[in-house]
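Asks: data10.cif (mmCIF, C-alpha atoms) pasted underneath:
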data_model
#
loop_
_atom_site.group_PDB
_atom_site.id
_atom_site.type_symbol
_atom_site.label_atom_id
_atom_site.label_comp_id
_atom_site.auth_asym_id
_atom_site.auth_seq_id
_atom_site.Cartn_x
_atom_site.Cartn_y
_atom_site.Cartn_z
ATOM 1 C CA MET A 1 -27.136 4.764 -0.558
ATOM 2 C CA GLU A 2 -26.049 2.555 2.341
ATOM 3 C CA LYS A 3 -22.717 3.589 3.812
ATOM 4 C CA LYS A 4 -20.111 0.838 3.691
ATOM 5 C CA LYS A 5 -18.583 -0.443 6.905
ATOM 6 C CA ILE A 6 -15.038 0.612 7.774
ATOM 7 C CA ILE A 7 -12.892 -2.516 7.935
ATOM 8 C CA LEU A 8 -9.523 -0.826 8.562
ATOM 9 C CA ASP A 9 -9.154 2.458 10.429
ATOM 10 C CA ILE A 10 -5.666 3.881 10.982
ATOM 11 C CA ARG A 11 -5.498 6.996 13.145
ATOM 12 C CA ASP A 12 -2.433 9.169 13.776
ATOM 13 C CA PHE A 13 -0.209 6.134 13.206
ATOM 14 C CA SER A 14 3.531 6.399 13.771
ATOM 15 C CA VAL A 15 6.535 4.097 13.384
ATOM 16 C CA SER A 16 9.974 4.844 14.792
ATOM 17 C CA PHE A 17 13.188 2.850 14.972
ATOM 18 C CA GLU A 18 15.605 2.718 17.852
ATOM 19 C CA GLN A 19 19.201 3.287 16.784
ATOM 20 C CA TYR A 20 22.552 3.782 18.446
ATOM 21 C CA GLU A 21 24.717 6.802 17.749
ATOM 22 C CA LYS A 22 28.348 7.282 18.808
ATOM 23 C CA GLY A 23 28.701 4.404 21.193
ATOM 24 C CA PHE A 24 25.767 3.515 23.425
ATOM 25 C CA ARG A 25 23.600 6.615 22.963
ATOM 26 C CA LYS A 26 20.127 5.610 21.800
ATOM 27 C CA THR A 27 18.091 7.730 19.433
ATOM 28 C CA GLY A 28 14.677 7.361 17.846
ATOM 29 C CA LEU A 29 14.181 7.613 14.095
ATOM 30 C CA PRO A 30 10.549 8.662 13.376
ATOM 31 C CA VAL A 31 9.988 7.194 9.912
ATOM 32 C CA ILE A 32 6.158 7.471 9.907
ATOM 33 C CA ARG A 33 4.092 10.030 11.812
ATOM 34 C CA ASN A 34 0.566 11.483 11.804
ATOM 35 C CA LEU A 35 -0.575 8.898 9.278
ATOM 36 C CA ASP A 36 -4.302 8.360 8.660
ATOM 37 C CA VAL A 37 -5.917 5.788 6.342
ATOM 38 C CA THR A 38 -9.362 4.177 6.248
ATOM 39 C CA VAL A 39 -10.526 1.281 4.082
ATOM 40 C CA HIS A 40 -14.196 0.306 3.756
ATOM 41 C CA GLU A 41 -15.584 -3.074 2.788
ATOM 42 C CA GLY A 42 -15.909 -3.265 -0.980
ATOM 43 C CA GLU A 43 -13.439 -0.421 -1.474
ATOM 44 C CA MET A 44 -10.012 -0.201 -3.092
ATOM 45 C CA VAL A 45 -7.759 2.459 -1.595
ATOM 46 C CA ALA A 46 -4.424 3.296 -3.218
ATOM 47 C CA VAL A 47 -1.589 4.597 -1.051
ATOM 48 C CA VAL A 48 0.724 6.540 -3.362
ATOM 49 C CA GLY A 49 4.133 8.024 -2.708
ATOM 50 C CA SER A 50 7.747 7.913 -3.823
ATOM 51 C CA SER A 51 10.350 5.480 -2.484
ATOM 52 C CA GLY A 52 11.214 6.169 1.140
ATOM 53 C CA SER A 53 7.867 7.719 2.018
ATOM 54 C CA GLY A 54 6.968 4.873 4.413
ATOM 55 C CA LYS A 55 4.444 2.945 2.312
ATOM 56 C CA SER A 56 5.815 -0.570 2.926
ATOM 57 C CA LEU A 57 6.283 0.131 6.635
ATOM 58 C CA LEU A 58 2.570 0.866 6.796
ATOM 59 C CA ALA A 59 1.809 -2.614 5.420
ATOM 60 C CA HIS A 60 4.179 -4.289 7.854
ATOM 61 C CA GLY A 61 2.796 -2.261 10.755
ATOM 62 C CA ILE A 62 -0.764 -3.384 10.009
ATOM 63 C CA LEU A 63 0.346 -7.024 9.939
ATOM 64 C CA GLY A 64 2.614 -6.786 12.981
ATOM 65 C CA ILE A 65 5.778 -7.835 11.136
ATOM 66 C CA LEU A 66 7.975 -4.798 11.768
ATOM 67 C CA PRO A 67 11.604 -5.341 12.870
ATOM 68 C CA TYR A 68 12.364 -5.868 16.561
ATOM 69 C CA ASN A 69 13.722 -2.332 17.016
ATOM 70 C CA ALA A 70 10.535 -0.680 15.751
ATOM 71 C CA SER A 71 7.900 0.906 17.965
ATOM 72 C CA THR A 72 4.478 2.164 16.937
ATOM 73 C CA GLY A 73 2.011 4.777 18.119
ATOM 74 C CA GLY A 74 -1.519 5.866 17.303
ATOM 75 C CA GLU A 75 -4.420 3.500 16.665
ATOM 76 C CA LEU A 76 -4.922 0.520 14.373
ATOM 77 C CA LEU A 77 -8.545 -0.645 14.286
ATOM 78 C CA TYR A 78 -9.775 -3.678 12.369
ATOM 79 C CA ASP A 79 -13.505 -4.278 12.148
ATOM 80 C CA GLY A 80 -14.021 -1.667 14.864
ATOM 81 C CA ALA A 81 -11.695 -3.232 17.464
ATOM 82 C CA PRO A 82 -8.004 -2.594 18.254
ATOM 83 C CA LEU A 83 -5.647 -4.613 16.096
ATOM 84 C CA THR A 84 -3.555 -6.055 18.912
ATOM 85 C CA LYS A 85 -0.546 -8.329 18.432
ATOM 86 C CA GLU A 86 -2.726 -11.326 19.252
ATOM 87 C CA ARG A 87 -5.320 -10.343 16.617
ATOM 88 C CA GLN A 88 -2.623 -9.586 14.061
ATOM 89 C CA LYS A 89 -1.198 -13.086 14.490
ATOM 90 C CA ALA A 90 -4.624 -14.740 14.295
ATOM 91 C CA LEU A 91 -5.829 -12.771 11.254
ATOM 92 C CA ARG A 92 -2.579 -12.685 9.289
ATOM 93 C CA GLY A 93 -2.777 -14.982 6.285
ATOM 94 C CA ASN A 94 -6.474 -15.660 6.911
ATOM 95 C CA GLU A 95 -8.781 -12.630 7.003
ATOM 96 C CA ILE A 96 -5.890 -10.257 6.295
ATOM 97 C CA VAL A 97 -3.711 -11.221 3.346
ATOM 98 C CA LEU A 98 -0.472 -9.593 2.234
ATOM 99 C CA VAL A 99 0.762 -9.613 -1.336
ATOM 100 C CA PRO A 100 4.350 -8.555 -0.555
ATOM 101 C CA GLN A 101 6.780 -6.528 -2.605
ATOM 102 C CA SER A 102 9.550 -9.127 -2.413
ATOM 103 C CA VAL A 103 9.378 -12.678 -3.798
ATOM 104 C CA ALA A 104 11.645 -13.611 -0.878
ATOM 105 C CA PHE A 105 8.411 -14.056 1.108
ATOM 106 C CA LEU A 106 7.915 -17.383 -0.690
ATOM 107 C CA ASP A 107 9.212 -20.431 1.202
ATOM 108 C CA PRO A 108 12.232 -21.680 -0.794
ATOM 109 C CA LEU A 109 11.907 -25.181 0.695
ATOM 110 C CA MET A 110 8.247 -25.745 -0.193
ATOM 111 C CA LYS A 111 6.742 -26.501 -3.575
ATOM 112 C CA ILE A 112 4.501 -23.869 -5.126
ATOM 113 C CA GLY A 113 1.234 -25.854 -5.033
ATOM 114 C CA PRO A 114 1.229 -26.570 -1.260
ATOM 115 C CA GLN A 115 2.270 -22.956 -0.542
ATOM 116 C CA ILE A 116 -0.696 -21.515 -2.371
ATOM 117 C CA ARG A 117 -3.220 -24.120 -1.235
ATOM 118 C CA LYS A 118 -1.955 -24.018 2.383
ATOM 119 C CA GLY A 119 -2.247 -27.786 2.724
ATOM 120 C CA ARG A 120 -5.760 -28.060 1.288
ATOM 121 C CA LYS A 121 -6.117 -31.038 -1.031
ATOM 122 C CA ASP A 122 -9.844 -30.887 -1.814
ATOM 123 C CA LYS A 123 -11.089 -30.897 -5.385
ATOM 124 C CA ALA A 124 -12.601 -27.397 -5.183
ATOM 125 C CA SER A 125 -9.339 -25.707 -4.163
ATOM 126 C CA GLY A 126 -7.471 -27.624 -6.856
ATOM 127 C CA GLU A 127 -9.918 -26.441 -9.494
ATOM 128 C CA LYS A 128 -9.728 -22.866 -8.236
ATOM 129 C CA LEU A 129 -5.936 -22.915 -8.427
ATOM 130 C CA ARG A 130 -6.105 -24.321 -11.946
ATOM 131 C CA ARG A 131 -8.299 -21.384 -13.042
ATOM 132 C CA ILE A 132 -5.991 -18.845 -11.391
ATOM 133 C CA PHE A 133 -2.948 -20.371 -13.077
ATOM 134 C CA GLU A 134 -4.728 -20.359 -16.401
ATOM 135 C CA GLY A 135 -5.482 -16.646 -16.052
ATOM 136 C CA TYR A 136 -1.826 -15.885 -15.235
ATOM 137 C CA HIS A 137 -0.401 -18.099 -17.997
ATOM 138 C CA LEU A 138 1.125 -20.559 -15.521
ATOM 139 C CA LYS A 139 1.252 -24.239 -16.426
ATOM 140 C CA GLU A 140 -0.222 -26.794 -14.038
ATOM 141 C CA GLU A 141 3.191 -28.448 -13.515
ATOM 142 C CA VAL A 142 4.403 -25.238 -11.825
ATOM 143 C CA GLN A 143 2.663 -26.542 -8.695
ATOM 144 C CA ASP A 144 5.376 -29.188 -8.357
ATOM 145 C CA LEU A 145 8.272 -26.744 -8.661
ATOM 146 C CA TYR A 146 10.157 -24.730 -6.056
ATOM 147 C CA PRO A 147 10.434 -20.917 -6.197
ATOM 148 C CA PHE A 148 14.094 -21.028 -7.276
ATOM 149 C CA GLU A 149 13.067 -22.984 -10.372
ATOM 150 C CA LEU A 150 10.856 -20.117 -11.587
ATOM 151 C CA SER A 151 11.593 -16.694 -13.038
ATOM 152 C CA GLY A 152 11.055 -13.525 -11.030
ATOM 153 C CA GLY A 153 7.939 -12.686 -13.030
ATOM 154 C CA MET A 154 6.457 -16.139 -12.431
ATOM 155 C CA ASN A 155 7.107 -15.907 -8.699
ATOM 156 C CA ARG A 156 5.427 -12.486 -8.723
ATOM 157 C CA ARG A 157 2.301 -14.071 -10.215
ATOM 158 C CA ILE A 158 2.504 -16.830 -7.596
ATOM 159 C CA LEU A 159 2.416 -14.227 -4.813
ATOM 160 C CA VAL A 160 -0.713 -12.628 -6.262
ATOM 161 C CA SER A 161 -2.300 -16.093 -6.581
ATOM 162 C CA THR A 162 -2.055 -16.590 -2.808
ATOM 163 C CA ALA A 163 -4.483 -13.705 -2.252
ATOM 164 C CA LEU A 164 -6.929 -14.982 -4.870
ATOM 165 C CA MET A 165 -7.039 -18.501 -3.405
ATOM 166 C CA GLY A 166 -8.721 -17.556 -0.146
ATOM 167 C CA ASN A 167 -11.637 -15.343 0.851
ATOM 168 C CA PRO A 168 -9.881 -12.470 2.653
ATOM 169 C CA ARG A 169 -11.705 -9.495 4.117
ATOM 170 C CA LEU A 170 -8.662 -7.245 3.760
ATOM 171 C CA VAL A 171 -5.981 -7.499 1.070
ATOM 172 C CA ILE A 172 -2.792 -5.473 1.409
ATOM 173 C CA ALA A 173 -0.956 -5.368 -1.920
ATOM 174 C CA ASP A 174 2.506 -3.862 -1.482
ATOM 175 C CA GLU A 175 3.910 -2.917 -4.915
ATOM 176 C CA PRO A 176 2.531 -6.183 -6.357
ATOM 177 C CA THR A 177 3.464 -5.778 -10.034
ATOM 178 C CA PRO A 178 7.152 -4.808 -10.559
ATOM 179 C CA GLY A 179 8.756 -6.660 -13.439
ATOM 180 C CA LEU A 180 5.467 -7.730 -15.006
ATOM 181 C CA HIS A 181 4.421 -7.013 -18.579
ATOM 182 C CA MET A 182 1.818 -4.223 -18.795
ATOM 183 C CA ASP A 183 -0.905 -6.639 -19.934
ATOM 184 C CA MET A 184 -0.235 -8.766 -16.851
ATOM 185 C CA VAL A 185 -0.150 -5.673 -14.634
ATOM 186 C CA ARG A 186 -3.639 -4.742 -15.818
ATOM 187 C CA ARG A 187 -4.859 -8.288 -15.251
ATOM 188 C CA VAL A 188 -3.488 -8.344 -11.687
ATOM 189 C CA MET A 189 -5.050 -4.959 -10.940
ATOM 190 C CA SER A 190 -8.386 -6.102 -12.337
ATOM 191 C CA HIS A 191 -8.303 -9.100 -9.989
ATOM 192 C CA PHE A 192 -7.754 -6.833 -6.973
ATOM 193 C CA ARG A 193 -10.667 -4.738 -8.228
ATOM 194 C CA GLU A 194 -12.800 -7.890 -8.419
ATOM 195 C CA LEU A 195 -11.925 -8.757 -4.814
ATOM 196 C CA ALA A 196 -13.112 -5.294 -3.743
ATOM 197 C CA ASP A 197 -16.285 -5.591 -5.814
ATOM 198 C CA LYS A 198 -17.035 -8.858 -4.002
ATOM 199 C CA GLY A 199 -16.851 -7.077 -0.637
ATOM 200 C CA ALA A 200 -13.221 -7.213 0.484
ATOM 201 C CA GLY A 201 -11.255 -4.126 1.420
ATOM 202 C CA VAL A 202 -8.135 -3.661 -0.718
ATOM 203 C CA LEU A 203 -5.199 -1.456 0.273
ATOM 204 C CA LEU A 204 -2.951 -1.001 -2.761
ATOM 205 C CA ILE A 205 0.486 0.402 -1.932
ATOM 206 C CA THR A 206 2.212 1.752 -5.023
ATOM 207 C CA HIS A 207 4.371 4.489 -6.553
ATOM 208 C CA ASP A 208 2.449 4.195 -9.844
ATOM 209 C CA LEU A 209 -0.270 6.839 -9.621
ATOM 210 C CA GLU A 210 -1.361 6.319 -13.232
ATOM 211 C CA GLN A 211 -2.076 2.615 -12.693
ATOM 212 C CA ALA A 212 -3.748 3.233 -9.323
ATOM 213 C CA LEU A 213 -6.206 5.706 -10.819
ATOM 214 C CA GLU A 214 -7.508 3.029 -13.195
ATOM 215 C CA VAL A 215 -8.789 0.804 -10.372
ATOM 216 C CA ALA A 216 -8.919 2.658 -7.033
ATOM 217 C CA ASP A 217 -11.894 4.354 -5.410
ATOM 218 C CA ARG A 218 -9.777 6.671 -3.273
ATOM 219 C CA VAL A 219 -6.139 7.758 -3.245
ATOM 220 C CA VAL A 220 -4.085 8.547 -0.129
ATOM 221 C CA VAL A 221 -0.908 10.490 -0.886
ATOM 222 C CA PHE A 222 2.171 10.036 1.324
ATOM 223 C CA TYR A 223 5.151 12.338 1.534
ATOM 224 C CA ALA A 224 8.139 11.883 3.856
ATOM 225 C CA GLY A 225 6.290 9.556 6.206
ATOM 226 C CA THR A 226 2.978 11.348 6.566
ATOM 227 C CA THR A 227 -0.392 11.689 4.845
ATOM 228 C CA VAL A 228 -0.647 14.941 2.889
ATOM 229 C CA GLU A 229 -3.917 14.327 1.035
ATOM 230 C CA GLU A 230 -6.796 11.877 0.745
ATOM 231 C CA ALA A 231 -9.013 12.274 -2.317
ATOM 232 C CA ASP A 232 -11.480 10.395 -4.488
ATOM 233 C CA ALA A 233 -9.890 8.975 -7.627
ATOM 234 C CA ALA A 234 -12.302 11.158 -9.615
ATOM 235 C CA ASP A 235 -10.624 14.277 -8.190
ATOM 236 C CA PHE A 236 -7.544 13.477 -10.296
ATOM 237 C CA ARG A 237 -9.399 14.257 -13.525
ATOM 238 C CA SER A 238 -8.053 17.794 -13.264
ATOM 239 C CA GLU A 239 -5.375 19.602 -11.290
ATOM 240 C CA GLU A 240 -8.039 21.952 -9.908
ATOM 241 C CA GLY A 241 -9.773 19.014 -8.206
ATOM 242 C CA LEU A 242 -6.717 18.420 -5.978
ATOM 243 C CA ARG A 243 -5.752 20.237 -2.788
ATOM 244 C CA HIS A 244 -2.090 19.731 -1.807
ATOM 245 C CA PRO A 245 0.835 21.169 -3.839
ATOM 246 C CA TYR A 246 2.618 17.781 -3.789
ATOM 247 C CA THR A 247 -0.461 15.966 -5.103
ATOM 248 C CA ARG A 248 -0.746 18.539 -7.872
ATOM 249 C CA ALA A 249 2.938 18.006 -8.679
ATOM 250 C CA LEU A 250 2.274 14.250 -8.984
ATOM 251 C CA TRP A 251 -0.634 15.010 -11.321
ATOM 252 C CA ARG A 252 1.554 17.209 -13.537
ATOM 253 C CA ALA A 253 4.183 14.437 -13.665
ATOM 254 C CA LEU A 254 1.763 11.983 -15.308
ATOM 255 C CA PRO A 255 2.537 11.250 -18.989
ATOM 256 C CA GLN A 256 -0.770 12.672 -20.210
ATOM 257 C CA ASN A 257 -0.075 15.888 -18.293
ATOM 258 C CA GLY A 258 3.347 16.590 -19.746
ATOM 259 C CA PHE A 259 5.843 14.694 -17.546
ATOM 260 C CA GLN A 260 6.499 17.906 -15.625
ATOM 261 C CA PHE A 261 8.910 17.645 -12.718
ATOM 262 C CA ILE A 262 9.437 19.573 -9.526
ATOM 263 C CA ARG A 263 12.878 20.507 -8.293
ATOM 264 C CA GLY A 264 14.355 19.036 -5.131
ATOM 265 C CA THR A 265 14.052 15.675 -3.389
ATOM 266 C CA GLN A 266 12.047 14.165 -0.579
ATOM 267 C CA PRO A 267 13.933 14.861 2.689
ATOM 268 C CA TYR A 268 15.557 12.064 4.665
ATOM 269 C CA VAL A 269 13.948 11.473 8.037
ATOM 270 C CA LYS A 270 16.905 12.989 9.912
ATOM 271 C CA GLU A 271 16.707 16.127 7.800
ATOM 272 C CA LEU A 272 12.986 16.863 7.985
ATOM 273 C CA PRO A 273 12.141 20.573 8.109
ATOM 274 C CA GLY A 274 9.807 21.951 10.733
ATOM 275 C CA GLY A 275 6.126 22.004 9.830
ATOM 276 C CA CYS A 276 5.198 20.842 6.341
ATOM 277 C CA PRO A 277 7.818 18.385 5.003
ATOM 278 C CA PHE A 278 7.100 19.571 1.451
ATOM 279 C CA GLY A 279 7.755 23.202 2.386
ATOM 280 C CA PRO A 280 11.297 23.540 0.949
ATOM 281 C CA ARG A 281 10.014 22.455 -2.501
ATOM 282 C CA CYS A 282 6.728 24.374 -2.429
ATOM 283 C CA GLY A 283 6.187 27.702 -4.160
ATOM 284 C CA GLN A 284 3.394 28.555 -1.708
ATOM 285 C CA CYS A 285 5.493 28.058 1.440
ATOM 286 C CA THR A 286 5.191 30.810 4.054
ATOM 287 C CA GLU A 287 6.180 31.210 7.690
ATOM 288 C CA GLU A 288 2.821 29.714 8.645
ATOM 289 C CA CYS A 289 3.856 26.444 6.958
ATOM 290 C CA LYS A 290 6.702 25.977 9.448
ATOM 291 C CA GLY A 291 4.380 25.290 12.375
ATOM 292 C CA GLU A 292 1.991 22.442 13.094
ATOM 293 C CA ILE A 293 -0.105 21.545 10.041
ATOM 294 C CA PRO A 294 -3.554 20.154 10.945
ATOM 295 C CA VAL A 295 -5.617 17.932 8.663
ATOM 296 C CA ARG A 296 -8.586 19.771 7.163
ATOM 297 C CA GLU A 297 -11.610 18.591 5.214
ATOM 298 C CA ILE A 298 -11.964 20.545 1.972
ATOM 299 C CA ARG A 299 -14.265 19.824 -0.975
ATOM 300 C CA GLY A 300 -14.937 16.250 0.102
ATOM 301 C CA GLY A 301 -11.291 15.365 0.647
ATOM 302 C CA ARG A 302 -8.766 15.663 3.476
ATOM 303 C CA VAL A 303 -5.545 17.639 3.237
ATOM 304 C CA ARG A 304 -2.601 18.666 5.413
ATOM 305 C CA CYS A 305 -1.900 22.161 4.067
ATOM 306 C CA VAL A 306 -2.607 25.608 5.497
ATOM 307 C CA HIS A 307 -3.085 27.155 2.039
ATOM 308 C CA ALA A 308 -5.432 24.550 0.528
ATOM 309 C CA VAL A 309 -8.812 25.882 -0.605
#
What's the structure tokens form of this structure?
Replies:
Amino acid sequence: MEKKKIILDIRDFSVSFEQYEKGFRKTGLPVIRNLDVTVHEGEMVAVVGSSGSGKSLLAHGILGILPYNASTGGELLYDGAPLTKERQKALRGNEIVLVPQSVAFLDPLMKIGPQIRKGRKDKASGEKLRRIFEGYHLKEEVQDLYPFELSGGMNRRILVSTALMGNPRLVIADEPTPGLHMDMVRRVMSHFRELADKGAGVLLITHDLEQALEVADRVVVFYAGTTVEEADAADFRSEEGLRHPYTRALWRALPQNGFQFIRGTQPYVKELPGGCPFGPRCGQCTEECKGEIPVREIRGGRVRCVHAV
């Protein structure tokens, strides 16, 4: 079988924020570190992790829309070439499309129709928008309304519609379905799946592992700002198919696996332990876990754990 081309390649990516402490003393806050993600053409990759793990910052880093006090490290490659600031600006909203987490990304001073169609007034784009609206139960007159005239759920569907209108090569969906009815959630996810099946790369950023497993090809698990495991979605059919203790804990927390929980909380960036960030909550933690933890390839997946087999 022909190997699909890598469209997005993120290597050892890091994001830190410059802050001031006690007067004029500057300090760096390393929110993301040692982060690796790849997305192939025609592939849907789910990035899964709890709140505060750095998932949204990854999306903003790819697009070059991080705050002014942020600095990045590592490599971002798009279509085999470095994703420089100039390329980010040129590709953003064209080849690379973001479906953001917040409806505040919609322009409050522009009507819905022109926002989605980006000024295009041809018959084909109008017909395409009509079909999208029909699928999301949005009336045609919504095009002539402003975002503040719509409900939060309607604006959420509008955001997803922006990705479906164009022909992007890479779609970054950052928690795209909060507040939507489950039937609509499944419909939105199926549309992202269709985009991948047509050849686009889709990076789905979510805390909902159960929903991600229904549509994704691969799952990348984040914990406290770093990648702890990358596995095929099929590996989640059983706990034994997984490699990292945190990933296994997520599996056990799924409804069909008993809603089991693990004690403790994800550490704040200023309180990270040495070595494995999951160490304080892990029953397998040893002295070896307190040093540098390399990424290893095990059973077709990648994991950052010294005890994984």
Asks: Could you state the separation of CA of Pro245 in chain A and CA of Asn34 in chain A in Å, given to one decimal place?
Replies: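 A separation of 18.4 Å between them.
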Asks: Apply the PyMOL selection byres ((chain A and resi 125-135) around 12) to the file shown and report the selected residues as JSON, numbers by chain.
Replies: {"A": [112, 113, 114, 115, 116, 117, 118, 119, 120, 121, 122, 123, 124, 136, 137, 138, 139, 140, 141, 142, 143, 154, 155, 157, 158, 159, 160, 161, 162, 163, 164, 165, 166, 167, 183, 184, 187, 188, 190, 191]}
Asks: Translate the PyMOL selection byres ((chain A and resi 45) around 6), as applied to the file shown, into an explicit residue set as a PyMOL selection string.
Replies: chain A and resi 44+46+203+216-219
Asks: Please write as a PDB file with C-alpha atoms, in the coordinates of the input the full residue list that the PyMOL selection byres ((chain A and resi 303) around 12) yields on this file.
Replies:
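As written to disk, out.pdb reads:
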ATOM      1  CA  LEU A  35      -0.575   8.898   9.278  1.00  0.00           C
ATOM      2  CA  ASP A  36      -4.302   8.360   8.660  1.00  0.00           C
ATOM      3  CA  VAL A 219      -6.139   7.758  -3.245  1.00  0.00           C
ATOM      4  CA  VAL A 220      -4.085   8.547  -0.129  1.00  0.00           C
ATOM      5  CA  VAL A 221      -0.908  10.490  -0.886  1.00  0.00           C
ATOM      6  CA  PHE A 222       2.171  10.036   1.324  1.00  0.00           C
ATOM      7  CA  THR A 226       2.978  11.348   6.566  1.00  0.00           C
ATOM      8  CA  THR A 227      -0.392  11.689   4.845  1.00  0.00           C
ATOM      9  CA  VAL A 228      -0.647  14.941   2.889  1.00  0.00           C
ATOM     10  CA  GLU A 229      -3.917  14.327   1.035  1.00  0.00           C
ATOM     11  CA  GLU A 230      -6.796  11.877   0.745  1.00  0.00           C
ATOM     12  CA  ALA A 231      -9.013  12.274  -2.317  1.00  0.00           C
ATOM     13  CA  LEU A 242      -6.717  18.420  -5.978  1.00  0.00           C
ATOM     14  CA  ARG A 243      -5.752  20.237  -2.788  1.00  0.00           C
ATOM     15  CA  HIS A 244      -2.090  19.731  -1.807  1.00  0.00           C
ATOM     16  CA  PRO A 245       0.835  21.169  -3.839  1.00  0.00           C
ATOM     17  CA  TYR A 246       2.618  17.781  -3.789  1.00  0.00           C
ATOM     18  CA  THR A 247      -0.461  15.966  -5.103  1.00  0.00           C
ATOM     19  CA  CYS A 276       5.198  20.842   6.341  1.00  0.00           C
ATOM     20  CA  ILE A 293      -0.105  21.545  10.041  1.00  0.00           C
ATOM     21  CA  PRO A 294      -3.554  20.154  10.945  1.00  0.00           C
ATOM     22  CA  VAL A 295      -5.617  17.932   8.663  1.00  0.00           C
ATOM     23  CA  ARG A 296      -8.586  19.771   7.163  1.00  0.00           C
ATOM     24  CA  GLU A 297     -11.610  18.591   5.214  1.00  0.00           C
ATOM     25  CA  ILE A 298     -11.964  20.545   1.972  1.00  0.00           C
ATOM     26  CA  ARG A 299     -14.265  19.824  -0.975  1.00  0.00           C
ATOM     27  CA  GLY A 300     -14.937  16.250   0.102  1.00  0.00           C
ATOM     28  CA  GLY A 301     -11.291  15.365   0.647  1.00  0.00           C
ATOM     29  CA  ARG A 302      -8.766  15.663   3.476  1.00  0.00           C
ATOM     30  CA  ARG A 304      -2.601  18.666   5.413  1.00  0.00           C
ATOM     31  CA  CYS A 305      -1.900  22.161   4.067  1.00  0.00           C
ATOM     32  CA  VAL A 306      -2.607  25.608   5.497  1.00  0.00           C
ATOM     33  CA  HIS A 307      -3.085  27.155   2.039  1.00  0.00           C
ATOM     34  CA  ALA A 308      -5.432  24.550   0.528  1.00  0.00           C
ATOM     35  CA  VAL A 309      -8.812  25.882  -0.605  1.00  0.00           C
TER      36      VAL A 309
END
Asks: Counting only C-alpha atoms, which of A:Ala70, A:Ile10, A:Val171, A:Leu98 gets nearest to Ala200 in chain A?
Replies: A:Val171
Asks: Choose the residue, out of A:Leu66, A:Ile172, A:Val202, A:Leu213, that has the smallest atom-to-atom separation from Val15 in chain A; count all atoms listed in the file.
Replies: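 Using all atoms listed in the file, the shortest distance to Val15 in chain A belongs to A:Leu66.
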Asks: Report as a list of chain:residue names all protein, DNA and RNA residues lying within 12 Å of Arg11 in chain A, evaluated on only C-alpha atoms, omitting residues in the same chain fewer than 3 positions from it.
Replies: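 Non-adjacent residues within range: A:Leu8, A:Ser14, A:Arg33, A:Asn34, A:Leu35, A:Asp36, A:Val37, A:Thr38, A:Val39, A:Leu58, A:Ile62, A:Thr72, A:Gly73, A:Gly74, A:Glu75, A:Leu76, A:Leu77, A:Tyr78, A:Pro82, A:Leu83, A:Thr226, A:Thr227, A:Val295.
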Asks: How many Å lie between CA of Ile7 in chain A and CA of Arg193 in chain A, rounded to one decimal?
Replies: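 If I compute the distance from CA of Ile7 in chain A to CA of Arg193 in chain A, I get 16.5 Å.
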Asks: Per residue of range 43-80 of chain A within 12 Å of range 269-273 of chain A, which atom pair is closest and at what distance in Å (one decimal), using only C-alpha atoms, listed by chain and increasing number, as a Markdown table?
Replies:
| residue | atom | partner | partner_atom | distance |
| --- | --- | --- | --- | --- |
| A:Gly52 | CA | A:Val269 | CA | 9.1 |
| A:Ser53 | CA | A:Val269 | CA | 9.3 |
| A:Gly54 | CA | A:Val269 | CA | 10.3 |
Asks: Which residues, written as a PyMOL selection string, have at least one atom at most 10 Å from Lys55 in chain A, with only C-alpha atoms counted and residues fewer than 2 positions away on the same chain left out?
Replies: chain A and resi 32+47-53+57-60+174-175+204-207+221-226
Asks: To one decimal place in Å, what is the distance between CA of Glu210 in chain A and CA of Ser56 in chain A?
Replies: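 Going from CA of Glu210 in chain A over to CA of Ser56 in chain A covers 19.0 Å.
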Asks: Go ahead and fit an axis-aligned box to every listed atom of range 68-84 of chain A plus 4 Å each side, and pass me the centre and edge lengths in Å, one decimal, as lines of an AutoDock Vina configuration file.
Replies:
center_x = -0.1
center_y = -0.1
center_z = 15.5
size_x = 35.7
size_y = 19.9
size_z = 14.8
Asks: Pick the closest to Glu149 in chain A from A:Lys198, A:Lys111, A:Arg186, A:Arg169: which is it, counting all atoms listed in the file?
Replies: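 For Glu149 in chain A, the nearest of the candidates is A:Lys111.
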Asks: Between A:Pro108, A:Val215, A:Ala173, A:Arg87, which residue has the minimum interatomic distance to Leu145 in chain A, considering only C-alpha atoms?
Replies: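 Looking at the shortest contact to Leu145 in chain A, the residue is A:Pro108.
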Asks: Rank nothing, just name the residue among A:Leu63, A:Tyr146, A:Ala90, A:Asp197 nearest to Leu109 in chain A, using only C-alpha atoms.
Replies: A:Tyr146
Asks: Using only C-alpha atoms, which of the listed residues (A:Ile262, A:Met110, A:Leu254, A:Ala104) sits closest to Gly283 in chain A?
Replies: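 For Gly283 in chain A, the nearest of the candidates is A:Ile262.
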